[in-house]
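Asks: Following this message is one structure expressed as structure tokens.
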Amino acid sequence: MRKTLRKSAPALAVLAAGFGLVAASPAFAAGDAKAGAQLFQQCAICHSNKKGVNMIGPSLFGVVGRKAGTEPGYSYDAAMKKFGKTWTEARLDKYITDPQKYIPGVKMIYPGMPSATDRANLIAYLATLK
Ligand code: HEC
């Protein structure tokens with residue numbers, strides 16, 4: 001996890017600077033939700049953006065601010081239940097970077113999204129799902 005942070009922090013700072021924000025601002029606010037909607041195609045094979053629609057993965061409607069492993073009607077694995085933290089934008093960023101590394105044993109089979117810009121855009125899109 002430390003390695004990931006070291007790699008992504010400068011990229012996020014550059015992104016924030018590019019949008020004329022001070023480095024301390026949440027970089028995710030700079031994300032482009034429209035671009036994020038395109039990136040969501042990578043998630044949509046397993047996740048719905050509609051409320052209450054669980055597929056291979058749980059619905060991602062309202063995921064920002066939701067406690068991990070609590071979408072009603074979805075059967076989570078032990079790793080996600082044990083994780084049990086609230087999905088902030090920062091935690092989603094780490095998770096999407098490398099799901100298996102952030103939550104070892106999680107059953108989500110997704111290799112990770114290496115680009116910090118892409119992740120910021122995707123998270124900006126996820127934040128609109130409410
Ligand atoms: C191959 C299927 C698959 C793909 C692709 C996938 N996921 Fe998942 N995802 C899952 C599964 C299965 C779970 C439930 C894991 C568990 O129970 O531990 C999950 C869980 C999650 C959770 C936790 C939700 C909660 O309610 O706690 C988030 C957030 C998430 N995925 C985001 C994403 C995003 C964003 C993408 C696209 C970049 C993505 N996933 C791509 C299958 C997938």
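Identifiers for the structure tokens are assigned positionally: chains receive A, B, ... in sequence, residues are indexed from 1 per chain, and ligands are indexed from 1 in the order shown.
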Name the residues of segment 27-92 of chain A that come out as alpha helix (DSSP H) in a backbone DSSP run; write them as a PyMOL selection string.
Replies: chain A and resi 33-39+41-44+78-83+89-92
Asks: List as number ranges by chain the protein and nucleic acid residues lying within 8 Å of ligand 1, with only C-alpha atoms and all ligand atoms counted.
Replies: A: 39-47, 56-60, 63, 66-71, 74-81, 84, 87, 92, 95-96, 105-110, 112-113, 122-123, 126
Asks: Extract, using only C-alpha atoms, all DNA, RNA and protein residues at most 9 Å from Ala124 of chain A, discarding same-chain residues fewer than 5 positions from it, and format them as a ChimeraX atom specification.
Replies: /A:28-34,36-37,89,119
Asks: Output C-alpha atoms of each residue in that selection to a file, as a PDB file, in the first residue's frame.
Replies:
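Generated file (selection00.pdb):
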```pdb
ATOM      1  CA  PHE A  28     -11.062  13.927  -6.628  1.00  0.00           C
ATOM      2  CA  ALA A  29     -13.067  17.136  -6.886  1.00  0.00           C
ATOM      3  CA  ALA A  30     -11.102  17.745 -10.085  1.00  0.00           C
ATOM      4  CA  GLY A  31     -12.324  14.513 -11.648  1.00  0.00           C
ATOM      5  CA  ASP A  32     -14.363  14.634 -14.831  1.00  0.00           C
ATOM      6  CA  ALA A  33     -17.559  12.672 -14.181  1.00  0.00           C
ATOM      7  CA  LYS A  34     -18.329  12.409 -17.909  1.00  0.00           C
ATOM      8  CA  GLY A  36     -15.680   8.636 -15.480  1.00  0.00           C
ATOM      9  CA  ALA A  37     -18.974   7.417 -16.921  1.00  0.00           C
ATOM     10  CA  GLU A  89     -13.160   8.834  -2.141  1.00  0.00           C
ATOM     11  CA  ARG A 119      -9.407   6.941 -11.051  1.00  0.00           C
TER      12      ARG A 119
END
```
Asks: Could you state the separation of atom CA of Phe61 of chain A and atom CA of Tyr125 of chain A in Å, given to one decimal place?
Replies: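 Calculated distance between atom CA of Phe61 of chain A and atom CA of Tyr125 of chain A is 10.6 Å.
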Asks: What is the distance between atom CA of Asn54 of chain A and atom CA of Lys101 of chain A, in Å to one decimal?
Replies: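 A separation of 23.8 Å between them.
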Asks: Have a look at A:Gly65, A:Pro111, A:Pro72, A:Pro104 and name the one nearest to Ala127 of chain A; count only C-alpha atoms.
Replies: A:Gly65
Asks: What is the atom CA of Arg91 of chain A-atom CA of Ala35 of chain A distance in Å, reported with one decimal?
Replies: 20.2 Å
